[in-house]
Amino acid sequence: MTRPALTRETVLDTAANLVKQHGPDALTMRKLAAELGSAVTSIYWHVGNRESLLDALVERTVAELGEIRPAGRTPAQRVASVARTLRRQLRAHPHLVAMVHERGLTERMFLPAQQALVREVHAAGLRGARAAEVVRAVQFQVVGFVLVERNRERAPAQRPAEEELWGAEAAADDPALARALAGPVDQERLFATSVRALVESLLAG
């Protein structure tokens with residue numbers, strides 16, 4: 001069976017998958033060539049050396065993170081949709097986002113999301129410093145939430161665990177609260193609740 005011709009996009013797709021699965025350190029030209037079933041020299045022809053390849057991956061990640069299309073009938077709903085999209089993108093590409101940060105392109109990466117938020121904040125009637133404050137508050141909320149999620153996922157097993165810390169005696173006057181805090185965190189619901197409360201408060205204020 002004839003293998004399809006190697007293209008720059010194929011090289012970048014395969015390299016991105018390697019980084020996504022194993023991190024940037026796992027991306028070597030030899031390993032990439034093995035994944036592609038091609039010679040290392042062919043990869044150099046399409047993307048240059050490893051540093052050029054990493055630069056191309058970063059540029060593509062920045063472009064992909066810029067694809068944000070707000071949804072909803074009101075400015076508040078559309079701001080919340082931008083927040084959801086940004087969180088989803090950041091969580092989907094942690095290693096690639098880290099590469100963007102290491103190359104000093106973090107602010108450029110967030111610019112499309114900020115621009116989308118600016119349009120919705122303007123539609124809500126806010127201008128100037130107040131509008132800028134709303135944009136940054138939403139951005140910081142999303143980034144902070146993602147960092148907490150990543151930290152919880154990578155943390156070692158906790159001893160004592162939450163279910164042990166929140167036994168019935170820990171909140172005798174509110175056993176329902178104790179049970180809820182002892183249970184697993186519904187991250188999707190918590191994110192939606194916190195973003196909705198933040199956005200409604202900021203746009204109304």
# chains A, B, ... in the order shown; residues from 1 in each chain; ligands from 1
>>> select_by_dssp(residues="stretch 106-202 of chain A", states="helix (DSSP H, G or I)", output="VMD selection string")
chain A and resid 106 to 123 128 to 154 162 to 165 168 to 171 175 to 182 187 to 202
>>> residues_around(residues="stretch 22-24 of chain A", least_positions_apart="3", cutoff="9 Å", atoms="only C-alpha atoms", output="short mmCIF file (atom, residue, chain, number, x, y, z; two decimals) with all heavy atoms, in the first residue's frame")
data_model
loop_
_atom_site.label_atom_id
_atom_site.label_comp_id
_atom_site.auth_asym_id
_atom_site.auth_seq_id
_atom_site.Cartn_x
_atom_site.Cartn_y
_atom_site.Cartn_z
N ASN A 17 0.29 15.88 18.21
CA ASN A 17 -0.22 14.73 18.95
C ASN A 17 0.83 14.17 19.91
O ASN A 17 0.50 13.77 21.03
CB ASN A 17 -0.68 13.64 17.98
CG ASN A 17 -2.01 13.97 17.32
OD1 ASN A 17 -2.82 14.69 17.88
ND2 ASN A 17 -2.21 13.46 16.11
N LEU A 18 2.07 14.13 19.47
CA LEU A 18 3.16 13.66 20.34
C LEU A 18 3.30 14.56 21.55
O LEU A 18 3.45 14.09 22.69
CB LEU A 18 4.47 13.59 19.57
CG LEU A 18 4.66 12.41 18.63
CD1 LEU A 18 5.94 12.57 17.82
CD2 LEU A 18 4.70 11.11 19.41
N VAL A 19 3.27 15.87 21.32
CA VAL A 19 3.40 16.82 22.42
C VAL A 19 2.20 16.71 23.36
O VAL A 19 2.34 16.73 24.59
CB VAL A 19 3.53 18.26 21.88
CG1 VAL A 19 3.44 19.27 23.03
CG2 VAL A 19 4.84 18.44 21.13
N LEU A 27 9.24 15.10 22.02
CA LEU A 27 9.22 15.39 20.58
C LEU A 27 10.66 15.49 20.06
O LEU A 27 11.32 16.51 20.21
CB LEU A 27 8.47 16.69 20.30
CG LEU A 27 8.40 17.11 18.83
CD1 LEU A 27 7.70 16.04 18.00
CD2 LEU A 27 7.66 18.44 18.70
N THR A 28 11.13 14.41 19.47
CA THR A 28 12.43 14.42 18.79
C THR A 28 12.19 14.16 17.31
O THR A 28 11.17 13.58 16.92
CB THR A 28 13.36 13.32 19.34
OG1 THR A 28 12.80 12.03 19.02
CG2 THR A 28 13.50 13.44 20.86
N LEU A 54 9.04 23.52 16.59
CA LEU A 54 8.36 23.99 17.79
C LEU A 54 7.75 25.37 17.57
O LEU A 54 6.63 25.64 18.02
CB LEU A 54 9.34 24.03 18.96
CG LEU A 54 9.86 22.67 19.44
CD1 LEU A 54 10.89 22.86 20.55
CD2 LEU A 54 8.73 21.78 19.93
N PRO A 94 -2.71 21.45 27.08
CA PRO A 94 -1.86 21.99 28.16
C PRO A 94 -0.39 22.11 27.79
O PRO A 94 0.27 23.12 28.10
CB PRO A 94 -2.07 21.00 29.31
CG PRO A 94 -2.55 19.75 28.66
CD PRO A 94 -3.36 20.19 27.49
N HIS A 95 0.17 21.09 27.13
CA HIS A 95 1.59 21.13 26.77
C HIS A 95 1.87 22.18 25.70
O HIS A 95 2.88 22.90 25.75
CB HIS A 95 2.06 19.77 26.30
CG HIS A 95 2.05 18.72 27.36
ND1 HIS A 95 2.70 18.87 28.57
CD2 HIS A 95 1.47 17.49 27.40
CE1 HIS A 95 2.52 17.79 29.31
NE2 HIS A 95 1.77 16.94 28.64
N LEU A 96 0.97 22.29 24.73
CA LEU A 96 1.15 23.29 23.68
C LEU A 96 0.99 24.70 24.24
O LEU A 96 1.73 25.61 23.86
CB LEU A 96 0.15 23.04 22.54
CG LEU A 96 0.40 21.77 21.72
CD1 LEU A 96 -0.79 21.50 20.81
CD2 LEU A 96 1.67 21.89 20.91
N MET A 99 4.13 25.65 25.89
CA MET A 99 5.14 26.04 24.90
C MET A 99 4.92 27.48 24.44
O MET A 99 5.88 28.24 24.26
CB MET A 99 5.10 25.09 23.71
CG MET A 99 5.67 23.71 23.99
SD MET A 99 5.33 22.52 22.66
CE MET A 99 5.93 23.40 21.23
#
>>> residues_around(residues="A:Glu67", least_positions_apart="2", cutoff="9 Å", atoms="only C-alpha atoms", output="PyMOL selection string")
chain A and resi 63-65+69+112-113
>>> write_last_selection(atoms="C-alpha atoms", output="PDB file, in the first residue's frame")
ATOM      1  CA  ALA A  63      -4.097  30.557  15.687  1.00  0.00           C
ATOM      2  CA  GLU A  64      -6.318  27.680  16.837  1.00  0.00           C
ATOM      3  CA  LEU A  65      -6.949  29.289  20.221  1.00  0.00           C
ATOM      4  CA  ARG A  69     -17.313  32.314  18.273  1.00  0.00           C
ATOM      5  CA  PRO A 112      -8.674  36.898  20.316  1.00  0.00           C
ATOM      6  CA  ALA A 113     -10.566  35.922  23.473  1.00  0.00           C
TER       7      ALA A 113
END
>>> residues_around(residues="A:Gly125", least_positions_apart="2", cutoff="12 Å", atoms="only C-alpha atoms", output="list in words")
Thr74, Pro75, Ala76, Val118, Arg119, Glu120, Val121, His122, Ala123, Arg127, Gly128, Arg130, Ala131, Val134, Leu202, Leu203, Ala204 and Gly205 of chain A
>>> closest_residue(among="A:Leu181, A:Ala157, A:Leu165, A:Val100", to="A:Ala56", atoms="only C-alpha atoms")
A:Val100
>>> closest_residue(among="A:Arg78, A:Arg8, A:Arg150, A:Arg88", to="A:Arg60", atoms="only C-alpha atoms")
A:Arg8
>>> closest_residue(among="A:Val11, A:Val62, A:Leu117, A:Val79", to="A:His101", atoms="only C-alpha atoms")
A:Val62
>>> closest_residue(among="A:Arg87, A:Thr41, A:Lys31, A:Ser81", to="A:Leu147", atoms="only C-alpha atoms")
A:Arg87
>>> closest_residue(among="A:Ala197, A:Val185, A:Leu86, A:Trp166", to="A:Gly144", atoms="only C-alpha atoms")
A:Leu86
>>> residues_around(residues="A:Glu153", least_positions_apart="5", cutoff="12 Å", atoms="only C-alpha atoms", output="tab-separated table (two decimals) with C-alpha atoms, in the first residue's frame")
chain	number	residue	atom	x	y	z
A	91	ARG	CA	-7.59	22.22	28.95
A	146	VAL	CA	-7.96	25.83	34.75
A	147	LEU	CA	-4.84	26.06	36.91
A	148	VAL	CA	-6.75	24.77	39.95
A	158	GLN	CA	-4.67	13.36	49.78
A	185	VAL	CA	-16.36	18.18	42.71
A	187	GLN	CA	-16.14	20.93	37.86
>>> closest_residue(among="A:Thr106, A:Gln114, A:Thr61, A:Ser201", to="A:Lys20", atoms="only C-alpha atoms")
A:Thr61
>>> decode(residues="stretch 100-137 of chain A", atoms="N, CA, C and O atoms", output="PDB file, in the first residue's frame")
ATOM      1  N   VAL A 100       3.667  27.847  24.251  1.00  0.00           N
ATOM      2  CA  VAL A 100       3.347  29.231  23.882  1.00  0.00           C
ATOM      3  C   VAL A 100       3.848  30.177  24.966  1.00  0.00           C
ATOM      4  O   VAL A 100       4.470  31.216  24.681  1.00  0.00           O
ATOM      5  N   HIS A 101       3.592  29.828  26.211  1.00  0.00           N
ATOM      6  CA  HIS A 101       4.016  30.661  27.345  1.00  0.00           C
ATOM      7  C   HIS A 101       5.535  30.786  27.396  1.00  0.00           C
ATOM      8  O   HIS A 101       6.076  31.880  27.601  1.00  0.00           O
ATOM      9  N   GLU A 102       6.239  29.674  27.197  1.00  0.00           N
ATOM     10  CA  GLU A 102       7.696  29.686  27.260  1.00  0.00           C
ATOM     11  C   GLU A 102       8.313  30.553  26.172  1.00  0.00           C
ATOM     12  O   GLU A 102       9.414  31.076  26.338  1.00  0.00           O
ATOM     13  N   ARG A 103       7.621  30.734  25.077  1.00  0.00           N
ATOM     14  CA  ARG A 103       8.139  31.555  23.976  1.00  0.00           C
ATOM     15  C   ARG A 103       7.637  32.992  24.050  1.00  0.00           C
ATOM     16  O   ARG A 103       7.799  33.757  23.103  1.00  0.00           O
ATOM     17  N   GLY A 104       7.026  33.356  25.165  1.00  0.00           N
ATOM     18  CA  GLY A 104       6.634  34.745  25.381  1.00  0.00           C
ATOM     19  C   GLY A 104       5.480  35.211  24.529  1.00  0.00           C
ATOM     20  O   GLY A 104       5.361  36.410  24.226  1.00  0.00           O
ATOM     21  N   LEU A 105       4.578  34.286  24.159  1.00  0.00           N
ATOM     22  CA  LEU A 105       3.453  34.651  23.298  1.00  0.00           C
ATOM     23  C   LEU A 105       2.108  34.499  23.998  1.00  0.00           C
ATOM     24  O   LEU A 105       1.063  34.438  23.344  1.00  0.00           O
ATOM     25  N   THR A 106       2.128  34.454  25.326  1.00  0.00           N
ATOM     26  CA  THR A 106       0.885  34.244  26.069  1.00  0.00           C
ATOM     27  C   THR A 106      -0.125  35.353  25.814  1.00  0.00           C
ATOM     28  O   THR A 106      -1.309  35.086  25.581  1.00  0.00           O
ATOM     29  N   GLU A 107       0.321  36.605  25.861  1.00  0.00           N
ATOM     30  CA  GLU A 107      -0.611  37.718  25.666  1.00  0.00           C
ATOM     31  C   GLU A 107      -1.205  37.688  24.262  1.00  0.00           C
ATOM     32  O   GLU A 107      -2.391  37.975  24.076  1.00  0.00           O
ATOM     33  N   ARG A 108      -0.383  37.352  23.286  1.00  0.00           N
ATOM     34  CA  ARG A 108      -0.900  37.245  21.923  1.00  0.00           C
ATOM     35  C   ARG A 108      -1.906  36.113  21.823  1.00  0.00           C
ATOM     36  O   ARG A 108      -2.912  36.221  21.107  1.00  0.00           O
ATOM     37  N   MET A 109      -1.664  35.013  22.534  1.00  0.00           N
ATOM     38  CA  MET A 109      -2.585  33.882  22.510  1.00  0.00           C
ATOM     39  C   MET A 109      -3.954  34.274  23.053  1.00  0.00           C
ATOM     40  O   MET A 109      -4.992  33.835  22.545  1.00  0.00           O
ATOM     41  N   PHE A 110      -3.979  35.115  24.087  1.00  0.00           N
ATOM     42  CA  PHE A 110      -5.248  35.495  24.709  1.00  0.00           C
ATOM     43  C   PHE A 110      -5.954  36.646  23.986  1.00  0.00           C
ATOM     44  O   PHE A 110      -7.114  36.933  24.294  1.00  0.00           O
ATOM     45  N   LEU A 111      -5.270  37.296  23.042  1.00  0.00           N
ATOM     46  CA  LEU A 111      -5.844  38.474  22.401  1.00  0.00           C
ATOM     47  C   LEU A 111      -7.190  38.194  21.724  1.00  0.00           C
ATOM     48  O   LEU A 111      -8.135  38.975  21.905  1.00  0.00           O
ATOM     49  N   PRO A 112      -7.358  37.125  20.940  1.00  0.00           N
ATOM     50  CA  PRO A 112      -8.674  36.898  20.316  1.00  0.00           C
ATOM     51  C   PRO A 112      -9.804  36.746  21.326  1.00  0.00           C
ATOM     52  O   PRO A 112     -10.910  37.254  21.101  1.00  0.00           O
ATOM     53  N   ALA A 113      -9.536  36.058  22.439  1.00  0.00           N
ATOM     54  CA  ALA A 113     -10.566  35.922  23.473  1.00  0.00           C
ATOM     55  C   ALA A 113     -10.883  37.281  24.080  1.00  0.00           C
ATOM     56  O   ALA A 113     -12.054  37.601  24.326  1.00  0.00           O
ATOM     57  N   GLN A 114      -9.863  38.085  24.317  1.00  0.00           N
ATOM     58  CA  GLN A 114     -10.090  39.426  24.857  1.00  0.00           C
ATOM     59  C   GLN A 114     -10.918  40.265  23.888  1.00  0.00           C
ATOM     60  O   GLN A 114     -11.830  40.982  24.299  1.00  0.00           O
ATOM     61  N   GLN A 115     -10.593  40.174  22.595  1.00  0.00           N
ATOM     62  CA  GLN A 115     -11.330  40.953  21.599  1.00  0.00           C
ATOM     63  C   GLN A 115     -12.793  40.524  21.542  1.00  0.00           C
ATOM     64  O   GLN A 115     -13.690  41.374  21.406  1.00  0.00           O
ATOM     65  N   ALA A 116     -13.035  39.223  21.643  1.00  0.00           N
ATOM     66  CA  ALA A 116     -14.410  38.730  21.659  1.00  0.00           C
ATOM     67  C   ALA A 116     -15.149  39.247  22.890  1.00  0.00           C
ATOM     68  O   ALA A 116     -16.317  39.656  22.814  1.00  0.00           O
ATOM     69  N   LEU A 117     -14.468  39.255  24.034  1.00  0.00           N
ATOM     70  CA  LEU A 117     -15.080  39.763  25.261  1.00  0.00           C
ATOM     71  C   LEU A 117     -15.354  41.259  25.165  1.00  0.00           C
ATOM     72  O   LEU A 117     -16.396  41.738  25.626  1.00  0.00           O
ATOM     73  N   VAL A 118     -14.430  42.001  24.552  1.00  0.00           N
ATOM     74  CA  VAL A 118     -14.617  43.452  24.403  1.00  0.00           C
ATOM     75  C   VAL A 118     -15.897  43.744  23.620  1.00  0.00           C
ATOM     76  O   VAL A 118     -16.684  44.619  23.995  1.00  0.00           O
ATOM     77  N   ARG A 119     -16.106  43.014  22.542  1.00  0.00           N
ATOM     78  CA  ARG A 119     -17.317  43.250  21.725  1.00  0.00           C
ATOM     79  C   ARG A 119     -18.583  43.033  22.540  1.00  0.00           C
ATOM     80  O   ARG A 119     -19.549  43.809  22.445  1.00  0.00           O
ATOM     81  N   GLU A 120     -18.580  41.991  23.363  1.00  0.00           N
ATOM     82  CA  GLU A 120     -19.779  41.697  24.149  1.00  0.00           C
ATOM     83  C   GLU A 120     -19.963  42.683  25.301  1.00  0.00           C
ATOM     84  O   GLU A 120     -21.082  43.053  25.643  1.00  0.00           O
ATOM     85  N   VAL A 121     -18.860  43.101  25.900  1.00  0.00           N
ATOM     86  CA  VAL A 121     -18.938  44.082  26.989  1.00  0.00           C
ATOM     87  C   VAL A 121     -19.436  45.420  26.439  1.00  0.00           C
ATOM     88  O   VAL A 121     -20.248  46.110  27.073  1.00  0.00           O
ATOM     89  N   HIS A 122     -18.971  45.797  25.245  1.00  0.00           N
ATOM     90  CA  HIS A 122     -19.485  47.007  24.602  1.00  0.00           C
ATOM     91  C   HIS A 122     -20.974  46.876  24.312  1.00  0.00           C
ATOM     92  O   HIS A 122     -21.741  47.826  24.494  1.00  0.00           O
ATOM     93  N   ALA A 123     -21.382  45.682  23.864  1.00  0.00           N
ATOM     94  CA  ALA A 123     -22.805  45.459  23.581  1.00  0.00           C
ATOM     95  C   ALA A 123     -23.642  45.588  24.844  1.00  0.00           C
ATOM     96  O   ALA A 123     -24.827  45.948  24.779  1.00  0.00           O
ATOM     97  N   ALA A 124     -23.031  45.322  26.001  1.00  0.00           N
ATOM     98  CA  ALA A 124     -23.730  45.456  27.287  1.00  0.00           C
ATOM     99  C   ALA A 124     -23.737  46.898  27.775  1.00  0.00           C
ATOM    100  O   ALA A 124     -24.323  47.194  28.830  1.00  0.00           O
ATOM    101  N   GLY A 125     -23.077  47.800  27.036  1.00  0.00           N
ATOM    102  CA  GLY A 125     -23.106  49.219  27.375  1.00  0.00           C
ATOM    103  C   GLY A 125     -21.947  49.708  28.224  1.00  0.00           C
ATOM    104  O   GLY A 125     -21.956  50.855  28.680  1.00  0.00           O
ATOM    105  N   LEU A 126     -20.945  48.873  28.455  1.00  0.00           N
ATOM    106  CA  LEU A 126     -19.804  49.276  29.272  1.00  0.00           C
ATOM    107  C   LEU A 126     -18.673  49.768  28.387  1.00  0.00           C
ATOM    108  O   LEU A 126     -18.428  49.225  27.312  1.00  0.00           O
ATOM    109  N   ARG A 127     -17.938  50.763  28.875  1.00  0.00           N
ATOM    110  CA  ARG A 127     -16.832  51.362  28.113  1.00  0.00           C
ATOM    111  C   ARG A 127     -15.650  51.649  29.025  1.00  0.00           C
ATOM    112  O   ARG A 127     -15.761  51.640  30.244  1.00  0.00           O
ATOM    113  N   GLY A 128     -14.538  51.948  28.391  1.00  0.00           N
ATOM    114  CA  GLY A 128     -13.372  52.430  29.121  1.00  0.00           C
ATOM    115  C   GLY A 128     -12.807  51.451  30.131  1.00  0.00           C
ATOM    116  O   GLY A 128     -12.803  50.239  29.932  1.00  0.00           O
ATOM    117  N   ALA A 129     -12.343  52.023  31.253  1.00  0.00           N
ATOM    118  CA  ALA A 129     -11.684  51.218  32.275  1.00  0.00           C
ATOM    119  C   ALA A 129     -12.612  50.164  32.857  1.00  0.00           C
ATOM    120  O   ALA A 129     -12.174  49.060  33.202  1.00  0.00           O
ATOM    121  N   ARG A 130     -13.895  50.473  32.975  1.00  0.00           N
ATOM    122  CA  ARG A 130     -14.846  49.506  33.512  1.00  0.00           C
ATOM    123  C   ARG A 130     -14.960  48.293  32.584  1.00  0.00           C
ATOM    124  O   ARG A 130     -14.988  47.144  33.025  1.00  0.00           O
ATOM    125  N   ALA A 131     -15.006  48.547  31.276  1.00  0.00           N
ATOM    126  CA  ALA A 131     -15.070  47.461  30.305  1.00  0.00           C
ATOM    127  C   ALA A 131     -13.802  46.613  30.367  1.00  0.00           C
ATOM    128  O   ALA A 131     -13.860  45.377  30.325  1.00  0.00           O
ATOM    129  N   ALA A 132     -12.651  47.268  30.468  1.00  0.00           N
ATOM    130  CA  ALA A 132     -11.379  46.540  30.557  1.00  0.00           C
ATOM    131  C   ALA A 132     -11.336  45.666  31.802  1.00  0.00           C
ATOM    132  O   ALA A 132     -10.824  44.538  31.768  1.00  0.00           O
ATOM    133  N   GLU A 133     -11.887  46.176  32.894  1.00  0.00           N
ATOM    134  CA  GLU A 133     -11.909  45.403  34.142  1.00  0.00           C
ATOM    135  C   GLU A 133     -12.729  44.128  33.983  1.00  0.00           C
ATOM    136  O   GLU A 133     -12.336  43.061  34.473  1.00  0.00           O
ATOM    137  N   VAL A 134     -13.862  44.221  33.288  1.00  0.00           N
ATOM    138  CA  VAL A 134     -14.700  43.049  33.068  1.00  0.00           C
ATOM    139  C   VAL A 134     -13.963  42.021  32.225  1.00  0.00           C
ATOM    140  O   VAL A 134     -13.957  40.821  32.527  1.00  0.00           O
ATOM    141  N   VAL A 135     -13.321  42.476  31.145  1.00  0.00           N
ATOM    142  CA  VAL A 135     -12.582  41.568  30.257  1.00  0.00           C
ATOM    143  C   VAL A 135     -11.508  40.817  31.036  1.00  0.00           C
ATOM    144  O   VAL A 135     -11.383  39.589  30.940  1.00  0.00           O
ATOM    145  N   ARG A 136     -10.748  41.534  31.828  1.00  0.00           N
ATOM    146  CA  ARG A 136      -9.662  40.887  32.575  1.00  0.00           C
ATOM    147  C   ARG A 136     -10.194  39.997  33.695  1.00  0.00           C
ATOM    148  O   ARG A 136      -9.623  38.936  33.979  1.00  0.00           O
ATOM    149  N   ALA A 137     -11.271  40.390  34.308  1.00  0.00           N
ATOM    150  CA  ALA A 137     -11.839  39.564  35.380  1.00  0.00           C
ATOM    151  C   ALA A 137     -12.280  38.208  34.835  1.00  0.00           C
ATOM    152  O   ALA A 137     -12.032  37.164  35.453  1.00  0.00           O
TER     153      ALA A 137
END
